[in-house]
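One file, model.tsv, carrying TSV, C-alpha atoms and all ligand atoms:
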chain	number	residue	atom	x	y	z
A	129	MET	CA	50.23	85.42	96.70
A	130	SER	CA	52.62	84.59	99.49
A	131	ARG	CA	55.53	86.87	100.25
A	132	LEU	CA	58.70	87.18	98.20
A	133	ILE	CA	62.23	86.54	99.37
A	134	ARG	CA	63.01	86.91	103.06
A	135	ALA	CA	65.50	85.51	105.53
A	136	VAL	CA	63.52	84.07	108.41
A	137	ILE	CA	65.57	83.95	111.60
A	138	GLU	CA	64.71	81.64	114.49
A	139	PRO	CA	65.98	82.98	117.82
A	140	ARG	CA	65.01	79.67	119.43
A	141	ALA	CA	67.47	77.81	117.19
A	142	LEU	CA	70.17	80.37	118.01
A	143	ARG	CA	69.65	79.73	121.72
A	144	HIS	CA	69.59	75.99	121.15
A	145	ASN	CA	72.94	76.20	119.35
A	146	LEU	CA	74.42	78.26	122.17
A	147	SER	CA	73.44	75.56	124.66
A	148	THR	CA	74.91	72.88	122.36
A	149	VAL	CA	78.17	74.84	122.35
A	150	ARG	CA	78.04	75.07	126.13
A	151	GLU	CA	77.55	71.31	126.47
A	152	ARG	CA	80.52	70.77	124.22
A	153	ALA	CA	82.78	73.33	125.90
A	154	ARG	CA	81.87	72.80	129.52
A	155	ARG	CA	83.29	75.31	131.96
A	156	ALA	CA	84.21	77.70	129.15
A	157	ARG	CA	82.64	81.10	128.84
A	158	VAL	CA	81.15	81.85	125.45
A	159	MET	CA	81.98	84.88	123.35
A	160	ALA	CA	79.29	84.84	120.64
A	161	VAL	CA	80.78	86.06	117.38
A	162	VAL	CA	78.25	88.41	115.79
A	163	LYS	CA	80.48	90.32	113.36
A	164	ALA	CA	79.44	90.86	109.75
A	165	ASN	CA	75.80	91.43	110.68
A	166	ALA	CA	75.85	88.21	112.71
A	167	TYR	CA	76.86	86.29	109.58
A	168	GLY	CA	73.85	87.78	107.79
A	169	HIS	CA	71.39	87.04	110.61
A	170	GLY	CA	71.06	90.64	111.83
A	171	LEU	CA	73.59	91.96	114.34
A	172	VAL	CA	71.16	93.45	116.85
A	173	PRO	CA	68.38	90.83	116.70
A	174	ALA	CA	70.95	88.03	116.97
A	175	ALA	CA	72.60	89.61	120.01
A	176	LEU	CA	69.25	90.39	121.63
A	177	SER	CA	68.31	86.72	121.13
A	178	LEU	CA	71.34	85.61	123.14
A	179	PRO	CA	70.98	87.09	126.61
A	180	GLU	CA	72.91	84.09	127.92
A	181	ALA	CA	76.07	84.84	125.93
A	182	ASP	CA	78.94	85.82	128.25
A	183	ALA	CA	80.22	88.34	125.70
A	184	PHE	CA	79.88	89.33	122.05
A	185	ALA	CA	82.71	89.56	119.55
A	186	VAL	CA	82.70	91.95	116.61
A	187	ALA	CA	85.36	92.92	114.09
A	188	ARG	CA	84.84	96.66	113.90
A	189	LEU	CA	84.13	99.51	116.29
A	190	GLU	CA	80.92	100.43	114.44
A	191	GLU	CA	79.50	96.98	115.08
A	192	GLY	CA	80.13	97.40	118.80
A	193	LEU	CA	78.51	100.84	118.78
A	194	ALA	CA	75.40	99.41	117.12
A	195	LEU	CA	75.15	96.80	119.86
A	196	ARG	CA	75.48	99.37	122.64
A	197	ALA	CA	72.93	101.63	120.89
A	198	ALA	CA	70.53	98.69	121.00
A	199	GLY	CA	70.99	98.38	124.75
A	200	ILE	CA	73.34	95.39	124.83
A	201	THR	CA	75.12	95.47	128.18
A	202	GLN	CA	77.28	92.32	127.95
A	203	PRO	CA	81.00	92.72	127.32
A	204	ILE	CA	81.81	93.42	123.66
A	205	VAL	CA	85.19	92.38	122.30
A	206	LEU	CA	86.66	94.19	119.29
A	207	LEU	CA	88.48	91.34	117.55
A	208	GLU	CA	90.68	93.67	115.51
A	209	GLY	CA	91.12	96.20	118.31
A	210	VAL	CA	91.37	99.90	117.45
A	211	PHE	CA	93.69	101.80	115.14
A	212	THR	CA	93.48	105.45	116.20
A	213	ALA	CA	93.39	107.46	119.44
A	214	GLU	CA	89.82	108.54	118.61
A	215	GLN	CA	88.70	104.95	118.24
A	216	LEU	CA	90.39	104.09	121.51
A	217	LEU	CA	88.52	106.86	123.29
A	218	GLU	CA	85.25	105.71	121.73
A	219	ALA	CA	86.00	102.15	122.83
A	220	ALA	CA	86.63	103.41	126.37
A	221	ARG	CA	83.39	105.38	126.41
A	222	HIS	CA	81.42	102.27	125.50
A	223	GLY	CA	83.34	99.87	127.69
A	224	PHE	CA	84.61	97.66	124.88
A	225	ASP	CA	87.19	94.94	125.49
A	226	LEU	CA	90.07	95.15	123.05
A	227	VAL	CA	92.16	92.67	121.18
A	228	VAL	CA	95.75	93.94	121.03
A	229	HIS	CA	97.58	92.36	118.13
A	230	ASP	CA	100.12	94.96	117.10
A	231	ALA	CA	102.72	97.23	118.74
A	232	LEU	CA	100.90	100.28	117.37
A	233	GLN	CA	97.92	99.39	119.54
A	234	VAL	CA	100.11	99.11	122.64
A	235	GLU	CA	101.46	102.57	121.84
A	236	LEU	CA	97.95	103.99	121.58
A	237	LEU	CA	97.19	102.58	125.03
A	238	GLU	CA	100.43	103.95	126.46
A	239	GLU	CA	99.70	107.40	125.08
A	240	MET	CA	96.10	107.51	126.21
A	241	THR	CA	95.43	110.04	128.92
A	242	GLY	CA	92.68	109.67	131.49
A	243	ALA	CA	91.62	106.90	133.81
A	244	HIS	CA	90.25	104.44	131.27
A	245	ARG	CA	90.84	100.78	132.01
A	246	PHE	CA	90.24	97.95	129.59
A	247	VAL	CA	90.00	94.20	129.46
A	248	LEU	CA	92.80	93.50	126.98
A	249	TRP	CA	93.09	90.33	124.90
A	250	ILE	CA	96.66	89.94	123.65
A	251	LYS	CA	96.66	88.01	120.43
A	252	ILE	CA	99.48	85.62	119.66
A	253	ASP	CA	100.14	84.65	116.07
A	254	THR	CA	100.79	80.93	116.24
A	255	GLY	CA	100.85	80.38	112.49
A	256	MET	CA	97.88	82.06	110.87
A	257	ASN	CA	100.11	84.99	109.91
A	258	ARG	CA	97.24	87.39	109.87
A	259	LEU	CA	96.96	89.21	113.20
A	260	GLY	CA	98.89	88.85	116.44
A	261	PHE	CA	102.33	89.03	117.99
A	262	PRO	CA	104.68	86.34	116.74
A	263	PRO	CA	105.85	84.24	119.71
A	264	ARG	CA	109.22	86.05	119.97
A	265	GLU	CA	107.49	89.44	120.20
A	266	PHE	CA	104.89	88.35	122.71
A	267	ALA	CA	106.88	88.69	125.97
A	268	PRO	CA	107.92	92.32	125.35
A	269	ALA	CA	104.37	93.20	124.30
A	270	LEU	CA	102.97	91.59	127.44
A	271	GLU	CA	105.46	93.47	129.58
A	272	ARG	CA	104.38	96.78	128.06
A	273	VAL	CA	100.72	95.93	128.55
A	274	ARG	CA	101.35	94.98	132.17
A	275	ARG	CA	103.01	98.33	132.81
A	276	LEU	CA	100.16	100.41	131.39
A	277	LYS	CA	98.92	103.17	133.66
A	278	PRO	CA	96.19	102.78	134.68
A	279	SER	CA	96.65	99.02	134.62
A	280	PRO	CA	94.33	96.86	132.50
A	281	LEU	CA	91.19	95.57	134.21
A	282	GLU	CA	92.30	92.14	133.08
A	283	ILE	CA	94.77	90.63	130.62
A	284	ARG	CA	93.67	87.62	128.57
A	285	LEU	CA	95.36	85.73	125.75
A	286	LEU	CA	94.05	84.40	122.47
A	287	THR	CA	95.12	82.84	119.23
A	288	HIS	CA	93.25	81.79	116.10
A	289	LEU	CA	93.46	78.45	114.33
A	290	ALA	CA	94.03	78.19	110.59
A	291	CYS	CA	92.96	74.59	109.91
A	292	ALA	CA	90.67	73.49	112.74
A	293	ASP	CA	87.95	72.64	110.18
A	294	GLU	CA	90.14	69.83	108.85
A	295	PRO	CA	90.09	67.02	111.41
A	296	ASP	CA	93.55	65.74	112.27
A	297	ASN	CA	95.32	68.54	110.45
A	298	ARG	CA	98.78	68.73	112.00
A	299	MET	CA	98.80	72.48	111.95
A	300	THR	CA	96.17	72.66	114.72
A	301	ASN	CA	98.37	70.72	117.13
A	302	GLN	CA	101.39	72.76	116.09
A	303	GLN	CA	99.55	76.00	116.75
A	304	VAL	CA	98.33	74.78	120.13
A	305	ALA	CA	101.85	73.64	121.07
A	306	ARG	CA	103.26	77.01	120.02
A	307	PHE	CA	100.62	78.77	122.10
A	308	ARG	CA	101.40	76.62	125.16
A	309	GLU	CA	105.12	77.17	124.78
A	310	THR	CA	104.71	80.92	124.39
A	311	THR	CA	102.39	81.27	127.39
A	312	ARG	CA	104.04	78.71	129.69
A	313	GLY	CA	103.95	79.77	133.33
A	314	LEU	CA	101.37	82.51	132.75
A	315	ASP	CA	98.07	82.39	134.55
A	316	TYR	CA	95.81	84.38	132.26
A	317	SER	CA	92.48	83.26	130.82
A	318	VAL	CA	92.92	81.99	127.28
A	319	SER	CA	90.80	81.51	124.18
A	320	ILE	CA	91.72	79.35	121.21
A	321	ALA	CA	88.65	77.68	119.76
A	322	ASN	CA	86.34	78.92	117.05
A	323	SER	CA	83.43	76.65	116.01
A	324	ALA	CA	85.69	74.03	114.45
A	325	GLY	CA	87.95	74.11	117.49
A	326	ILE	CA	84.98	73.62	119.79
A	327	PHE	CA	83.62	70.62	117.91
A	328	GLY	CA	86.93	69.20	116.74
A	329	SER	CA	89.01	66.56	118.44
A	330	ALA	CA	92.09	68.57	119.40
A	331	GLN	CA	92.53	69.18	123.12
A	332	LEU	CA	92.23	72.94	123.44
A	333	LYS	CA	92.41	74.78	126.71
A	334	CYS	CA	89.42	76.99	126.68
A	335	ASP	CA	88.51	79.45	129.39
A	336	TRP	CA	86.66	81.19	126.60
A	337	VAL	CA	85.36	79.86	123.28
A	338	ARG	CA	84.51	81.99	120.25
A	339	PRO	CA	81.78	80.33	118.17
A	340	GLY	CA	80.42	82.03	115.11
A	341	LEU	CA	79.22	79.61	112.45
A	342	ALA	CA	78.05	76.96	114.92
A	343	LEU	CA	75.72	79.45	116.60
A	344	TYR	CA	74.02	79.97	113.27
A	345	GLY	CA	73.50	76.25	112.93
A	346	ALA	CA	76.00	75.32	110.23
A	347	SER	CA	78.82	72.82	110.41
A	348	PRO	CA	82.40	73.97	109.85
A	349	PHE	CA	83.39	70.45	108.74
A	350	ALA	CA	83.05	69.00	105.26
A	351	ALA	CA	82.28	65.48	106.49
A	352	THR	CA	80.12	66.14	109.56
A	353	SER	CA	76.69	67.71	109.27
A	354	ALA	CA	75.27	70.35	111.58
A	355	ALA	CA	72.61	67.84	112.67
A	356	GLN	CA	75.34	65.39	113.69
A	357	LEU	CA	76.84	68.14	115.84
A	358	GLY	CA	73.44	68.83	117.43
A	359	LEU	CA	73.06	72.19	115.68
A	360	GLU	CA	69.92	73.61	114.07
A	361	PRO	CA	69.87	76.06	111.16
A	362	VAL	CA	68.87	79.53	112.28
A	363	MET	CA	68.20	81.09	108.87
A	364	SER	CA	65.62	79.98	106.32
A	365	LEU	CA	66.07	81.79	103.02
A	366	GLU	CA	62.50	81.63	101.76
A	367	SER	CA	60.86	82.89	98.61
A	368	SER	CA	58.08	81.84	96.30
A	369	VAL	CA	57.16	80.97	92.76
A	370	ILE	CA	56.22	83.99	90.63
A	371	ALA	CA	55.60	82.16	87.33
A	372	VAL	CA	55.15	78.62	86.04
A	373	ARG	CA	55.62	77.70	82.41
A	374	ARG	CA	55.72	74.68	80.15
A	375	VAL	CA	58.90	74.41	78.13
A	376	THR	CA	59.04	72.11	75.15
A	377	ALA	CA	61.97	69.76	74.55
A	378	GLY	CA	64.76	71.67	72.78
A	379	GLU	CA	63.75	75.11	74.10
A	380	THR	CA	66.18	77.02	76.32
A	381	VAL	CA	65.73	78.82	79.64
A	382	GLY	CA	67.27	82.09	80.81
A	383	TYR	CA	70.30	84.23	79.93
A	384	GLY	CA	72.79	82.83	77.51
A	385	ALA	CA	70.26	80.12	76.67
A	386	ALA	CA	72.52	78.14	78.96
A	387	TRP	CA	70.10	75.27	79.54
A	388	THR	CA	68.16	73.34	76.96
A	389	ALA	CA	65.15	71.29	77.99
A	390	PRO	CA	65.95	67.62	77.29
A	391	ARG	CA	62.20	66.85	77.27
A	392	ASP	CA	58.96	68.73	77.85
A	393	CYS	CA	59.34	70.33	81.28
A	394	LEU	CA	57.48	72.34	83.85
A	395	ILE	CA	59.62	75.27	84.97
A	396	ALA	CA	58.97	77.39	88.07
A	397	ILE	CA	60.47	80.86	88.32
A	398	ILE	CA	61.51	81.67	91.89
A	399	ALA	CA	61.91	85.25	93.12
A	400	ALA	CA	65.53	84.92	94.24
A	401	GLY	CA	68.66	85.89	92.39
A	402	TYR	CA	72.16	87.21	92.76
A	403	GLY	CA	70.68	90.58	93.75
A	404	ASP	CA	69.53	88.79	96.88
A	405	GLY	CA	72.84	87.06	97.53
A	406	LEU	CA	72.29	83.80	95.69
A	407	PRO	CA	75.58	83.15	93.85
A	408	ARG	CA	75.32	83.61	90.11
A	409	GLY	CA	77.74	80.73	89.74
A	410	LEU	CA	75.36	78.18	91.28
A	411	PRO	CA	75.44	75.33	88.80
A	412	GLY	CA	72.41	73.67	87.26
A	413	GLY	CA	71.24	70.81	89.41
A	414	THR	CA	71.63	72.72	92.70
A	415	PRO	CA	68.49	71.86	94.69
A	416	VAL	CA	65.72	74.20	95.81
A	417	LEU	CA	63.15	72.87	98.26
A	418	ILE	CA	59.77	73.45	96.74
A	419	ALA	CA	56.49	72.04	97.99
A	420	GLY	CA	58.59	69.81	100.22
A	421	ALA	CA	60.58	68.27	97.34
A	422	ARG	CA	64.03	68.95	95.97
A	423	ALA	CA	63.92	70.43	92.50
A	424	PRO	CA	67.00	71.31	90.44
A	425	ILE	CA	67.98	74.80	89.31
A	426	VAL	CA	68.18	75.06	85.52
A	427	GLY	CA	70.04	77.73	83.53
A	428	ARG	CA	71.74	80.76	84.99
A	429	VAL	CA	70.78	82.46	88.21
A	430	SER	CA	69.80	86.00	87.22
A	431	MET	CA	69.56	89.14	89.35
A	432	ASP	CA	66.03	88.65	90.66
A	433	MET	CA	65.00	85.21	89.49
A	434	THR	CA	66.05	81.59	89.30
A	435	ALA	CA	64.44	78.84	87.22
A	436	VAL	CA	63.76	75.43	88.71
A	437	ASP	CA	62.61	72.25	86.97
A	438	VAL	CA	59.50	71.18	88.85
A	439	SER	CA	58.36	68.55	86.35
A	440	ALA	CA	58.53	65.94	89.11
A	441	VAL	CA	56.85	68.08	91.78
A	442	PRO	CA	53.05	68.02	91.68
A	443	GLY	CA	50.91	71.05	92.47
A	444	VAL	CA	53.43	73.88	92.00
A	445	HIS	CA	51.70	77.16	91.23
A	446	VAL	CA	52.30	80.88	91.51
A	447	GLY	CA	52.72	81.54	95.21
A	448	THR	CA	54.12	78.10	96.12
A	449	ALA	CA	56.80	78.52	98.79
A	450	ALA	CA	60.43	77.79	97.90
A	451	LEU	CA	63.34	77.34	100.30
A	452	LEU	CA	66.82	78.27	99.06
A	453	TRP	CA	68.42	77.03	102.30
A	454	GLY	CA	67.30	76.31	105.82
A	455	PRO	CA	65.85	73.30	107.67
A	456	GLY	CA	65.81	70.34	105.26
A	457	LEU	CA	68.28	71.99	102.87
A	458	PRO	CA	71.52	72.86	104.67
A	459	VAL	CA	73.34	76.00	103.61
A	460	GLU	CA	76.52	73.90	103.71
A	461	GLU	CA	75.11	71.79	100.84
A	462	ILE	CA	74.32	74.85	98.73
A	463	ALA	CA	77.79	76.21	99.52
A	464	ARG	CA	79.35	73.01	98.18
A	465	HIS	CA	77.40	73.41	94.94
A	466	ALA	CA	78.59	77.02	94.75
A	467	GLY	CA	82.20	76.05	95.39
A	468	THR	CA	82.30	78.15	98.55
A	469	ILE	CA	81.71	77.91	102.30
A	470	PRO	CA	78.51	78.50	104.26
A	471	TYR	CA	80.08	81.58	105.87
A	472	GLU	CA	80.17	83.36	102.53
A	473	LEU	CA	76.61	82.48	101.55
A	474	LEU	CA	75.19	83.60	104.90
A	475	CYS	CA	77.16	86.86	104.89
A	476	SER	CA	76.17	87.58	101.29
A	477	VAL	CA	72.41	87.75	101.81
A	478	SER	CA	71.85	91.22	100.43
A	479	GLN	CA	70.35	94.30	101.99
A	480	ARG	CA	67.14	94.10	100.03
A	481	VAL	CA	66.24	90.78	101.67
A	482	PRO	CA	64.13	91.53	104.73
A	483	LEU	CA	65.06	89.72	107.93
A	484	GLU	CA	62.07	88.36	109.78
A	485	LEU	CA	62.15	86.92	113.28
A	486	ARG	CA	59.98	83.86	113.70
B	501	LIG	C1	89.27	85.70	115.82
B	501	LIG	C2	88.04	84.94	115.49
B	501	LIG	N1	87.50	84.13	116.43
B	501	LIG	C3	86.39	83.41	116.18
B	501	LIG	C4	85.76	83.46	114.95
B	501	LIG	C5	84.54	82.61	114.72
B	501	LIG	O1	84.81	81.59	113.82
B	501	LIG	P1	83.73	80.51	113.40
B	501	LIG	O2	82.65	81.23	112.72
B	501	LIG	O3	84.46	79.59	112.51
B	501	LIG	O4	83.27	79.87	114.68
B	501	LIG	C6	86.29	84.27	113.95
B	501	LIG	C7	85.64	84.31	112.64
B	501	LIG	O5	86.20	84.46	111.61
B	501	LIG	C8	87.45	85.03	114.24
B	501	LIG	O6	88.00	85.84	113.30

Translate this structure into C-alpha cells?
Amino acid sequence: MSRLIRAVIEPRALRHNLSTVRERARRARVMAVVKANAYGHGLVPAALSLPEADAFAVARLEEGLALRAAGITQPIVLLEGVFTAEQLLEAARHGFDLVVHDALQVELLEEMTGAHRFVLWIKIDTGMNRLGFPPREFAPALERVRRLKPSPLEIRLLTHLACADEPDNRMTNQQVARFRETTRGLDYSVSIANSAGIFGSAQLKCDWVRPGLALYGASPFAATSAAQLGLEPVMSLESSVIAVRRVTAGETVGYGAAWTAPRDCLIAIIAAGYGDGLPRGLPGGTPVLIAGARAPIVGRVSMDMTAVDVSAVPGVHVGTAALLWGPGLPVEEIARHAGTIPYELLCSVSQRVPLELR
C-alpha cells in the first residue's frame, strides 16, 4: 500500500516562485519570509532551497537561531525585533537584523554595552495599527536610532500594508502616501510590499520586497489565481485511500450521521483528518483529487480520516493516491471552501505529517 499522509515539498517550485517575484520586482532585493515553519513548508529546508534569497525574515528569535544552526549565512531579519536585553545579545551573537517598532526596543539598544552593530529596520505604522511607530513618533525614534553608540551598520525603513490583497483598495494608497510623507527627504532603503504588494497594481517603492505566500506558490488575491501570477504550488498534501465501501441509498457516513447517501454510492476513506491539519469545518462537496479526478468530501472530517464519494471515479482501491491540495487542486480553493485563507491551511499542517522533499 502506498504511503499515508505527507506534505511533499518541491524546492524547484520554490526557486521558480522566487524568480517570478524577482521578475515582478526588478531591482528590488528579496527578503524571503520563512516564519511559521516557512508557512508549513519546513523552515530549514525552505531556506536551504533558496540560496538566492538576499535575506530571510522570521517573526521570532528562535526561528532565526534554527536557521543559523542549520548553517544559513544570509542576513536574517527578526520582523518583531527583540523584547529583552538577553534576546538582544543573542541577536547580536548571531548577526540578526532587527525590526525596531517600539520605543522599548530603542531603549534596549541604547542600554546595550559592547561593540555590537546592527542593521536596523525602523517600522512605521501607516495604518495597520499593529506594530510600528505612528508617523508623529517616527522622527524622534529615528533620531535616537541615529545617535546609537556604536552606530547602526545601516538604517532601513519599512511599513506593512493592511489591504494590499484587495485590488484598488483605497487604504493601500493612503498607507503609501503616509509612508512617503513621513519619510520625505530621507535616503534610506525602504520595504513596503508583501506578496500582494508585489503583484498588485499600486506603485510601491521597493528597495526590498518581503514575499511569503507567493514564494509558496499561492495567490494572495481572491480573483487572480497563482497560475495567472506565474506561481507554482510548492506543497502537495498527499495521502491515500485506506478503505473503500459501498453505501446504500439512505445510509449515513461518519460522525453525527451528518451525510445521508442519496443513492447507492462508493465511498473512499482517505487517511487525512483534522489531526493532520485538514479543517474539521470543511463542508461536504469540497473536492479531493483522487485518481486524477475531483471527488467530493461527504460527512464530517474526523481526526484521522475523511470520506469521499468516488462513485464517479473508476478504479479507486485501497492504496489509491489522494491529493488534498497541490498542483491541480490549489490550496486557495480549499481555503475558500473552509472559509479561511491559504496562509492558515498551510500553517496548520500538523506535526505528525512528515515533510518530504521531492
Ligand atoms: C511584516 C511582514 N512582511 C511580509 C510578510 C509576508 O506576507 P505575505 O505572505 O502576504 O507575502 C508578512 C507576513 O505576514 C509580514 O508580517

Environment of ligand LIG 501 (chain B) within 7 Å, counting all atoms listed in the file, reported as number ranges by chain: A: 161, 207, 288, 322-324, 338-342, 348

From the set A:Ala305, A:Ile133, A:Ala153, A:Ala371, which residue has the shortest atom-to-atom contact distance to A:Gly328, counting all atoms listed in the file?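 The answer is A:Ala153, which sits nearest to A:Gly328.
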
Give the answer as one residue: which of A:Val369, A:Leu417, A:Gln356, A:Thr287 has the shortest atom-to-atom distance to A:Ile462, using all atoms listed in the file? A:Leu417

Across A:Leu289, A:Ala351, A:Ala421, A:Ile370, the smallest distance to A:Ile326, with only C-alpha atoms counted, is shown by A:Leu289

What does the distance from atom CA of A:Ser430 to atom CA of A:Trp453 come to in Å, to one decimal?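 Computed distance, atom CA of A:Ser430 to atom CA of A:Trp453, equals 17.6 Å.
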
For the atom pair atom CA of A:Ala423 and atom CA of A:Pro482, what is the interatomic distance in Å to one decimal place?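 A separation of 24.4 Å between them.
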
Residues within 12 Å of A:Pro295, only C-alpha atoms, excluding chain neighbours under 3 positions, as a list in words: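 Selected residues are Ala290, Cys291, Ala292, Arg298, Met299, Thr300, Asn301, Ala324, Gly325, Ile326, Phe327, Gly328, Ser329, Ala330, Pro348, Phe349, Ala350, Ala351 and Thr352 of chain A.
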
Residues of the last selection are to be written out with C-alpha atoms, as a short mmCIF file (atom, residue, chain, number, x, y, z; two decimals), in the coordinates of the input.
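part-v2.cif written:
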data_model
loop_
_atom_site.label_atom_id
_atom_site.label_comp_id
_atom_site.auth_asym_id
_atom_site.auth_seq_id
_atom_site.Cartn_x
_atom_site.Cartn_y
_atom_site.Cartn_z
CA ALA A 290 94.03 78.19 110.59
CA CYS A 291 92.96 74.59 109.91
CA ALA A 292 90.67 73.49 112.74
CA ARG A 298 98.78 68.73 112.00
CA MET A 299 98.80 72.48 111.95
CA THR A 300 96.17 72.66 114.72
CA ASN A 301 98.37 70.72 117.13
CA ALA A 324 85.69 74.03 114.45
CA GLY A 325 87.95 74.11 117.49
CA ILE A 326 84.98 73.62 119.79
CA PHE A 327 83.62 70.62 117.91
CA GLY A 328 86.93 69.20 116.74
CA SER A 329 89.01 66.56 118.44
CA ALA A 330 92.09 68.57 119.40
CA PRO A 348 82.40 73.97 109.85
CA PHE A 349 83.39 70.45 108.74
CA ALA A 350 83.05 69.00 105.26
CA ALA A 351 82.28 65.48 106.49
CA THR A 352 80.12 66.14 109.56
#

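Checking A:Arg408, A:Arg374, A:Lys333, A:Arg284 one by one against A:Tyr316, counting only C-alpha atoms, you find the shortest gap at A:Arg284.
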
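Minimum atom-to-atom distance to A:Ala160, evaluated using only C-alpha atoms, belongs to A:Ala321 out of A:Leu359, A:Glu271, A:Ala321, A:Ala213.
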
I'd like the neighbourhood of A:Val481 as a list in words, where a residue qualifies if any of its atoms comes within 8 Å (using only C-alpha atoms), though same-chain residues fewer than 2 positions away should be ignored.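 Listing them by chain and then by number gives Ile133, Arg134, Ala135, Asp404, Val477, Ser478, Gln479 and Leu483 of chain A.
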
Give me the residues within 12 Å of stretch 138-146 of chain A as a PyMOL selection string, counting all atoms listed in the file and dropping any in the same chain fewer than 5 places off. chain A and resi 151-154+157-162+166+169-170+172-182+323+326+337-347+354-355+357-365+454-455+483-486

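For the residues A:Ala156, A:Ile283, A:Met240, A:Val228, ranking by smallest atom-to-atom distance to A:Glu214 using all atoms listed in the file places A:Met240 first.
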
I'd like the interatomic distance between atom CA of A:Arg480 and atom CA of A:Gly405, to a tenth of an Å. 9.4 Å

Start from the incomplete input, build N, CA and C atoms for stretch 203-216 of chain A, and deliver everything as an mmCIF file, in the frame of the given file.
data_model
loop_
_atom_site.group_PDB
_atom_site.id
_atom_site.type_symbol
_atom_site.label_atom_id
_atom_site.label_comp_id
_atom_site.auth_asym_id
_atom_site.auth_seq_id
_atom_site.Cartn_x
_atom_site.Cartn_y
_atom_site.Cartn_z
ATOM 1 N N PRO A 203 79.723 92.291 127.878
ATOM 2 C CA PRO A 203 81.000 92.720 127.320
ATOM 3 C C PRO A 203 81.006 92.548 125.799
ATOM 4 N N ILE A 204 81.670 93.482 125.127
ATOM 5 C CA ILE A 204 81.810 93.420 123.660
ATOM 6 C C ILE A 204 83.302 93.470 123.342
ATOM 7 N N VAL A 205 83.768 92.473 122.631
ATOM 8 C CA VAL A 205 85.190 92.380 122.300
ATOM 9 C C VAL A 205 85.389 92.836 120.857
ATOM 10 N N LEU A 206 86.300 93.782 120.656
ATOM 11 C CA LEU A 206 86.660 94.190 119.290
ATOM 12 C C LEU A 206 87.801 93.298 118.823
ATOM 13 N N LEU A 207 87.499 92.370 117.936
ATOM 14 C CA LEU A 207 88.480 91.340 117.550
ATOM 15 C C LEU A 207 89.689 91.900 116.820
ATOM 16 N N GLU A 208 89.527 93.061 116.186
ATOM 17 C CA GLU A 208 90.680 93.670 115.510
ATOM 18 C C GLU A 208 91.252 94.826 116.313
ATOM 19 N N GLY A 209 90.656 95.096 117.489
ATOM 20 C CA GLY A 209 91.120 96.200 118.310
ATOM 21 C C GLY A 209 90.808 97.536 117.650
ATOM 22 N N VAL A 210 91.580 98.559 118.031
ATOM 23 C CA VAL A 210 91.370 99.900 117.450
ATOM 24 C C VAL A 210 92.664 100.372 116.799
ATOM 25 N N PHE A 211 92.541 101.377 115.947
ATOM 26 C CA PHE A 211 93.690 101.800 115.140
ATOM 27 C C PHE A 211 94.033 103.281 115.285
ATOM 28 N N THR A 212 93.187 104.031 115.986
ATOM 29 C CA THR A 212 93.480 105.450 116.200
ATOM 30 C C THR A 212 93.127 105.817 117.642
ATOM 31 N N ALA A 213 93.673 106.977 118.080
ATOM 32 C CA ALA A 213 93.390 107.460 119.440
ATOM 33 C C ALA A 213 91.891 107.746 119.592
ATOM 34 N N GLU A 214 91.265 108.238 118.525
ATOM 35 C CA GLU A 214 89.820 108.540 118.610
ATOM 36 C C GLU A 214 89.020 107.261 118.819
ATOM 37 N N GLN A 215 89.403 106.234 118.069
ATOM 38 C CA GLN A 215 88.700 104.950 118.240
ATOM 39 C C GLN A 215 88.907 104.401 119.644
ATOM 40 N N LEU A 216 90.103 104.604 120.168
ATOM 41 C CA LEU A 216 90.390 104.090 121.510
ATOM 42 C C LEU A 216 89.505 104.788 122.538
#
